[in-house]
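Have a look at the structure below, then the notes.
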Amino acid sequence: MSDIKTASALAKDKRFNEAIEVLDSFYSQGEASRDDLIKIIPYFQEAGRYSEVEVYCEKVIIPNLKNDNESVFSHKCVEIREAFFNLALHKMYAKISLCAKREKIKVEEEKYSKLSDDTFEKYQSQLVLGESIEDCKGFEQVQETFGRDLDDWPSIFKIKYQHFL
């Protein structure tokens with residue numbers, strides 16, 4: 001059984017502290033995906049350990065999110081990497097905000113909701129910029145491969161990059 005499934009089974013049995021231990025051990029291996037990394041957040045809340053979430057995120061989740069993001073998007077421009085890192089932060093902050101809401105800590109619910117919104121806006125703006133940069137790179141690669149004479153280009157690239165022509 002995978003660590004994620006083990007932790008989920010433990011959580012289903014209301015054994016949240018054990019689920020946290022399993023996930024923490026899994027995270028220390030550095031192989032968790034972005035979605036796997038934020039599964040632990042509600043377990044802290046359910047275990048009555050909400051006060052530990054922020055420090056845990058700073059020390060464990062965010063560094064792991066950075067590593068995962070660099071690994072997954074290493075072939076993309078910095079703007080795309082930053083966009084998807086912000087998307088991961090958005091999801092993390094949204095989970096923390098939900099936990100704060102359940103704990104009835106209005107100030108923290110609003111704080112993390114705002115952080116979630118802010119990182120989502122950064123994701124959107126960085127993604128638009130990054131896609132534009134990647135599109136330019138693609139156009140340049142097609143030019144290097146097939147030359148500047150459009151008659152030498154396969155029709156699919158003429159269509160895809162017509163906005164540059």
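Identifiers in this document derive from the order of the structure tokens: chains are assigned A, B, ..., residues are numbered from 1 separately in each chain, and ligands are numbered from 1 in order of occurrence.
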
Could you pull out the helix (DSSP H, G or I) residues of stretch 4-148 of chain A, going by DSSP on the backbone, and write them as number ranges by chain? A: 4-12, 16-28, 34-37, 40-46, 50-72, 78-102, 106-146

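The residue that comes closest to A:Asp35, out of A:Lys122, A:Lys91, A:Lys104, A:Lys5 and on the basis of only C-alpha atoms, is A:Lys91.
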
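From atom CA of A:Lys66 back to atom CA of A:Leu37, the distance works out to 11.1 Å.
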
Inset, instruction - Write out as a PyMOL selection string each polymer residue whose atoms come within 6 Å of A:Ser97, counting only C-alpha atoms; drop sequence neighbours fewer than 5 positions from it. - result: chain A and resi 109+112-113

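Nearest residue to A:Ser8, choosing from A:Ala100, A:Ile40, A:Ala32, A:Ala83 and counting only C-alpha atoms: A:Ile40.
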